[in-house]
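For reference, entry.tsv (TSV, C-alpha atoms):
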```tsv
chain	number	residue	atom	x	y	z
A	344	MET	CA	6.11	-9.76	11.37
A	345	GLY	CA	3.26	-7.29	11.17
A	346	GLU	CA	2.45	-4.32	13.34
A	347	PRO	CA	-0.10	-5.20	16.08
A	348	GLN	CA	-3.00	-3.40	14.37
A	349	PHE	CA	-2.43	-5.50	11.22
A	350	ASP	CA	-2.13	-8.94	12.86
A	351	HIS	CA	-5.40	-9.97	11.19
A	352	LEU	CA	-3.60	-9.83	7.81
A	353	VAL	CA	-0.62	-12.00	8.77
A	354	GLU	CA	-0.28	-15.48	7.23
A	355	LYS	CA	1.39	-18.26	9.26
A	356	LYS	CA	3.73	-20.83	7.68
A	357	LEU	CA	2.47	-24.39	8.25
A	358	GLY	CA	4.92	-26.27	6.05
A	359	SER	CA	7.52	-25.73	3.34
A	360	THR	CA	8.83	-27.65	0.32
A	361	GLU	CA	11.98	-26.75	-1.59
A	362	LEU	CA	11.25	-26.62	-5.33
A	363	PHE	CA	14.55	-25.53	-6.85
A	364	LYS	CA	18.02	-24.45	-5.80
A	365	GLY	CA	20.20	-22.77	-8.41
A	366	LYS	CA	23.20	-20.47	-8.47
A	367	LEU	CA	21.06	-17.37	-7.80
A	368	LEU	CA	17.51	-18.47	-7.08
A	369	HIS	CA	16.08	-20.72	-4.37
A	370	ALA	CA	12.37	-21.50	-4.77
A	371	PHE	CA	9.90	-22.80	-2.20
A	372	ARG	CA	6.22	-23.76	-1.96
A	373	ASP	CA	4.77	-23.08	1.49
A	374	GLN	CA	1.44	-24.04	2.99
A	375	VAL	CA	0.10	-21.12	5.05
A	376	GLY	CA	-2.72	-20.52	7.45
A	377	LEU	CA	-4.93	-17.54	6.76
A	378	SER	CA	-6.56	-15.33	9.38
A	379	ASN	CA	-10.03	-16.78	8.59
A	380	GLY	CA	-8.83	-20.33	9.36
A	381	ALA	CA	-8.46	-21.41	5.74
A	382	GLN	CA	-5.22	-22.55	4.18
A	383	ALA	CA	-3.44	-21.50	0.98
A	384	ILE	CA	-0.27	-22.16	-1.02
A	385	ARG	CA	2.45	-19.53	-1.47
A	386	GLU	CA	5.28	-20.04	-3.98
A	387	TYR	CA	8.24	-17.70	-3.73
A	388	VAL	CA	11.92	-17.23	-4.46
A	389	VAL	CA	14.53	-16.54	-1.78
A	390	HIS	CA	17.06	-13.96	-2.97
A	391	PRO	CA	20.22	-12.77	-1.16
A	392	GLY	CA	19.41	-9.07	-1.69
A	393	ALA	CA	21.07	-6.47	-3.86
A	394	VAL	CA	22.13	-2.86	-4.12
A	395	MET	CA	21.60	-0.14	-6.72
A	396	ILE	CA	23.79	2.92	-7.09
A	397	VAL	CA	22.77	6.34	-8.45
A	398	PRO	CA	26.17	7.79	-9.48
A	399	LEU	CA	26.22	11.57	-9.90
A	400	LEU	CA	28.83	13.13	-12.18
A	401	GLU	CA	29.42	16.75	-13.20
A	402	ASP	CA	30.04	17.42	-16.90
A	403	ALA	CA	32.47	20.02	-18.27
A	404	THR	CA	29.92	22.81	-17.69
A	405	GLY	CA	29.26	21.77	-14.07
A	406	ALA	CA	25.82	20.33	-14.90
A	407	MET	CA	24.85	17.13	-13.13
A	408	GLN	CA	24.83	13.88	-15.09
A	409	VAL	CA	23.92	10.37	-13.97
A	410	VAL	CA	25.92	7.29	-14.85
A	411	LEU	CA	23.76	4.59	-16.45
A	412	GLU	CA	24.20	1.23	-18.15
A	413	ARG	CA	22.78	-0.58	-21.13
A	414	GLN	CA	22.61	-4.33	-20.61
A	415	PHE	CA	20.82	-7.20	-22.35
A	416	ARG	CA	18.45	-8.91	-19.94
A	417	TYR	CA	17.73	-12.43	-21.12
A	418	PRO	CA	14.36	-13.04	-19.39
A	419	VAL	CA	12.74	-10.07	-21.18
A	420	GLY	CA	14.86	-10.34	-24.34
A	421	ARG	CA	15.76	-6.64	-24.38
A	422	VAL	CA	18.63	-4.26	-23.87
A	423	MET	CA	17.60	-2.29	-20.78
A	424	ILE	CA	18.70	1.09	-19.43
A	425	GLU	CA	19.55	0.73	-15.74
A	426	PHE	CA	21.50	2.18	-12.87
A	427	PRO	CA	24.47	0.07	-11.73
A	428	ALA	CA	23.35	-2.72	-9.42
A	429	GLY	CA	24.28	-6.15	-8.18
A	430	LYS	CA	23.56	-8.82	-5.62
A	431	LEU	CA	25.16	-9.17	-2.22
A	432	ASP	CA	27.93	-11.71	-1.79
A	433	PRO	CA	27.71	-13.97	1.30
A	434	GLY	CA	28.64	-11.98	4.41
A	435	GLU	CA	28.86	-8.69	2.51
A	436	ASP	CA	27.10	-5.59	3.85
A	437	CYS	CA	25.15	-3.29	1.55
A	438	PHE	CA	27.68	-0.44	1.54
A	439	GLN	CA	30.57	-2.78	0.70
A	440	CYS	CA	28.47	-4.23	-2.11
A	441	ALA	CA	27.59	-0.76	-3.45
A	442	ARG	CA	31.25	0.27	-3.60
A	443	ARG	CA	32.24	-3.02	-5.23
A	444	GLU	CA	29.47	-3.01	-7.84
A	445	LEU	CA	30.07	0.63	-8.81
A	446	LEU	CA	33.75	-0.08	-9.44
A	447	GLU	CA	33.24	-3.44	-11.14
A	448	GLU	CA	30.51	-2.29	-13.53
A	449	THR	CA	31.46	1.32	-14.27
A	450	GLY	CA	35.11	1.72	-13.23
A	451	TYR	CA	34.15	4.61	-10.96
A	452	SER	CA	34.88	4.95	-7.26
A	453	ALA	CA	33.19	7.62	-5.14
A	454	SER	CA	34.39	9.63	-2.16
A	455	GLN	CA	30.86	10.63	-1.02
A	456	TRP	CA	28.00	8.21	-0.37
A	457	ALA	CA	24.42	8.49	0.89
A	458	ARG	CA	21.97	5.68	1.57
A	459	ALA	CA	18.54	6.61	0.22
A	460	GLY	CA	16.36	3.68	1.26
A	461	VAL	CA	15.27	0.19	0.31
A	462	LEU	CA	13.10	-1.21	-2.47
A	463	HIS	CA	11.19	-4.50	-2.48
A	464	PRO	CA	10.72	-5.05	-6.21
A	465	LEU	CA	8.85	-8.38	-6.30
A	466	ILE	CA	6.80	-8.63	-3.11
A	467	ALA	CA	4.32	-11.17	-4.52
A	468	TYR	CA	6.92	-13.88	-5.15
A	469	SER	CA	10.39	-12.97	-3.91
A	470	THR	CA	12.25	-12.00	-0.75
A	471	GLU	CA	14.52	-9.73	-2.79
A	472	PHE	CA	15.32	-6.27	-1.47
A	473	ILE	CA	17.44	-3.61	-3.19
A	474	ASP	CA	19.32	-1.10	-1.04
A	475	ILE	CA	19.45	2.29	-2.82
A	476	TRP	CA	22.67	4.35	-2.63
A	477	PHE	CA	23.71	7.68	-4.13
A	478	ALA	CA	27.39	8.28	-4.96
A	479	ARG	CA	29.19	11.50	-5.94
A	480	ASP	CA	32.71	12.92	-6.30
A	481	LEU	CA	33.46	10.12	-8.75
A	482	GLN	CA	36.94	9.13	-9.87
A	483	ALA	CA	37.30	7.13	-13.08
A	484	GLY	CA	39.17	3.83	-13.02
A	485	GLN	CA	39.21	0.40	-14.64
A	486	ARG	CA	36.08	-1.72	-14.85
A	487	GLN	CA	36.22	-5.28	-13.51
A	488	LEU	CA	33.27	-7.02	-15.16
A	489	ASP	CA	32.35	-10.57	-14.21
A	490	GLU	CA	33.05	-13.28	-16.77
A	491	GLY	CA	30.19	-13.31	-19.27
A	492	GLU	CA	28.99	-9.84	-18.24
A	493	PHE	CA	28.64	-7.33	-21.07
A	494	LEU	CA	27.31	-3.84	-20.55
A	495	GLU	CA	27.75	-0.33	-21.89
A	496	VAL	CA	28.28	2.60	-19.50
A	497	PHE	CA	27.05	6.07	-20.49
A	498	THR	CA	25.88	9.33	-18.94
A	499	ALA	CA	22.67	11.30	-19.26
A	500	SER	CA	21.13	14.35	-17.65
A	501	PRO	CA	18.42	13.76	-15.03
A	502	ALA	CA	15.95	15.43	-17.43
A	503	GLN	CA	16.84	12.94	-20.17
A	504	LEU	CA	16.40	10.03	-17.79
A	505	LEU	CA	12.99	11.28	-16.65
A	506	ASP	CA	11.93	11.75	-20.27
A	507	TRP	CA	12.97	8.19	-21.10
A	508	CYS	CA	10.91	7.01	-18.11
A	509	ARG	CA	7.91	8.98	-19.39
A	510	GLN	CA	8.31	7.57	-22.92
A	511	GLY	CA	8.51	3.99	-21.67
A	512	LEU	CA	12.12	3.57	-22.81
A	513	VAL	CA	13.10	2.90	-19.18
A	514	THR	CA	10.90	0.16	-17.73
A	515	ASP	CA	13.26	-1.42	-15.17
A	516	GLY	CA	11.52	-1.11	-11.81
A	517	LYS	CA	14.58	-0.29	-9.74
A	518	THR	CA	15.67	2.42	-12.19
A	519	LEU	CA	12.18	3.94	-12.16
A	520	THR	CA	12.36	4.01	-8.35
A	521	ALA	CA	15.80	5.63	-8.51
A	522	ALA	CA	14.44	8.25	-10.93
A	523	LEU	CA	11.77	9.12	-8.33
A	524	TRP	CA	14.46	9.50	-5.67
A	525	LEU	CA	16.65	11.54	-8.01
A	526	GLN	CA	13.79	13.88	-8.91
A	527	ASN	CA	12.96	14.53	-5.26
A	528	VAL	CA	16.59	14.91	-4.17
A	529	SER	CA	17.28	17.32	-7.07
A	530	SER	CA	14.24	19.45	-6.19
A	531	GLY	CA	15.24	19.61	-2.52
A	532	ALA	CA	12.08	17.79	-1.42
A	533	TRP	CA	14.06	14.82	-0.08
A	534	ALA	CA	17.39	15.22	1.73
A	535	LEU	CA	20.32	12.80	1.72
A	536	ASP	CA	22.83	12.35	4.52
A	537	TRP	CA	26.14	12.37	2.63
A	538	GLN	CA	29.11	10.65	4.24
A	539	SER	CA	32.75	10.41	3.19
A	540	ALA	CA	33.85	6.96	2.16
A	541	PRO	CA	36.18	5.38	4.73
```
Mind turning this structure into structure tokens?
Amino acid sequence: MGEPQFDHLVEKKLGSTELFKGKLLHAFRDQVGLSNGAQAIREYVVHPGAVMIVPLLEDATGAMQVVLERQFRYPVGRVMIEFPAGKLDPGEDCFQCARRELLEETGYSASQWARAGVLHPLIAYSTEFIDIWFARDLQAGQRQLDEGEFLEVFTASPAQLLDWCRQGLVTDGKTLTAALWLQNVSSGAWALDWQSAP
């Protein structure tokens, strides 16, 4: 749970009610005990977790490009610019998922991988985490989109991506986080531990 010096902030589960169980989302309403002795209700969604990939590609001049996607996201009613991402299958580890999602969505496979970190995008109401991976030395192949999945793959320079973030054209939280990682990795401020794919 919490670190010892923050125990006074920890809430204790007293009871739980399942609200909804769908193909992706599983919602609960819990009764919790607060540190002051009072009780409160917490509603949240259990999510299996996901990965996001920041694929790096060199153009004909040797300049770095990133591989991005445009995809319509029904809940917000917009076509969004995002990095490739997807949820974990049962029993799948994050690296396996990253390799699978990169190939399925973009057609690329990568011979070099580096795990950057983890993102918790919806801490107020979801257990979701997103494992962040960088991929390079890409080889093009055939996409394997899921049935009913439609997206457009394209490339942009890191500077273009950052400008779109500044302009508000990129508002997806995981992609904004990836842009922060990319900026710091590109500047040399943050290092990645690159490994060859097995």
Show which residues sit within 7 Å of stretch 367-372 of chain A, as a compact mmCIF listing (two decimals) with C-alpha atoms, in the frame of the given file. Count only C-alpha atoms, and ignore same-chain residues fewer than 6 positions away.
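Once everything was written out, this is out20.txt:
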```txt
# COMPACT_ATOMS: atom_id res chain seq x y z
CA SER A 359 7.52 -25.73 3.34
CA THR A 360 8.83 -27.65 0.32
CA GLU A 361 11.98 -26.75 -1.59
CA ILE A 384 -0.27 -22.16 -1.02
CA ARG A 385 2.45 -19.53 -1.47
CA GLU A 386 5.28 -20.04 -3.98
CA TYR A 387 8.24 -17.70 -3.73
CA VAL A 388 11.92 -17.23 -4.46
CA VAL A 389 14.53 -16.54 -1.78
CA HIS A 390 17.06 -13.96 -2.97
```
Counting all atoms listed in the file, which residues sit no farther than 12 Å from the position (34.0, -2.5, -8.5) in the file's frame? I'd like them as a PDB file with C-alpha atoms, in the frame of the given file.
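The file below, point15.pdb, is the result:
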```
ATOM      1  CA  ILE A 396      23.790   2.920  -7.090  1.00  0.00           C
ATOM      2  CA  PRO A 427      24.470   0.070 -11.730  1.00  0.00           C
ATOM      3  CA  ALA A 428      23.350  -2.720  -9.420  1.00  0.00           C
ATOM      4  CA  GLY A 429      24.280  -6.150  -8.180  1.00  0.00           C
ATOM      5  CA  GLN A 439      30.570  -2.780   0.700  1.00  0.00           C
ATOM      6  CA  CYS A 440      28.470  -4.230  -2.110  1.00  0.00           C
ATOM      7  CA  ALA A 441      27.590  -0.760  -3.450  1.00  0.00           C
ATOM      8  CA  ARG A 442      31.250   0.270  -3.600  1.00  0.00           C
ATOM      9  CA  ARG A 443      32.240  -3.020  -5.230  1.00  0.00           C
ATOM     10  CA  GLU A 444      29.470  -3.010  -7.840  1.00  0.00           C
ATOM     11  CA  LEU A 445      30.070   0.630  -8.810  1.00  0.00           C
ATOM     12  CA  LEU A 446      33.750  -0.080  -9.440  1.00  0.00           C
ATOM     13  CA  GLU A 447      33.240  -3.440 -11.140  1.00  0.00           C
ATOM     14  CA  GLU A 448      30.510  -2.290 -13.530  1.00  0.00           C
ATOM     15  CA  THR A 449      31.460   1.320 -14.270  1.00  0.00           C
ATOM     16  CA  GLY A 450      35.110   1.720 -13.230  1.00  0.00           C
ATOM     17  CA  TYR A 451      34.150   4.610 -10.960  1.00  0.00           C
ATOM     18  CA  SER A 452      34.880   4.950  -7.260  1.00  0.00           C
ATOM     19  CA  ALA A 453      33.190   7.620  -5.140  1.00  0.00           C
ATOM     20  CA  ALA A 483      37.300   7.130 -13.080  1.00  0.00           C
ATOM     21  CA  GLY A 484      39.170   3.830 -13.020  1.00  0.00           C
ATOM     22  CA  GLN A 485      39.210   0.400 -14.640  1.00  0.00           C
ATOM     23  CA  ARG A 486      36.080  -1.720 -14.850  1.00  0.00           C
ATOM     24  CA  GLN A 487      36.220  -5.280 -13.510  1.00  0.00           C
ATOM     25  CA  LEU A 488      33.270  -7.020 -15.160  1.00  0.00           C
ATOM     26  CA  ASP A 489      32.350 -10.570 -14.210  1.00  0.00           C
TER      27      ASP A 489
END
```
All file atoms of stretch 500-503 of chain A boxed axis-aligned, 8 Å per side, centre plus edges, as JSON:
```
{"center_x": 18.5, "center_y": 14.2, "center_z": -17.6, "size_x": 21.2, "size_y": 18.5, "size_z": 21.1}
```
Worksheet entry | Counting only C-alpha atoms, the option among A:Val419, A:Leu352, A:Ala459, A:Ala393 closest to A:Gly380 |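 Smallest separation from A:Gly380 among the options: A:Leu352.
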Worksheet item: What is the atom CA of A:Gln538-atom CA of A:Ser454 distance in Å, reported with one decimal?
Response: 8.4 Å
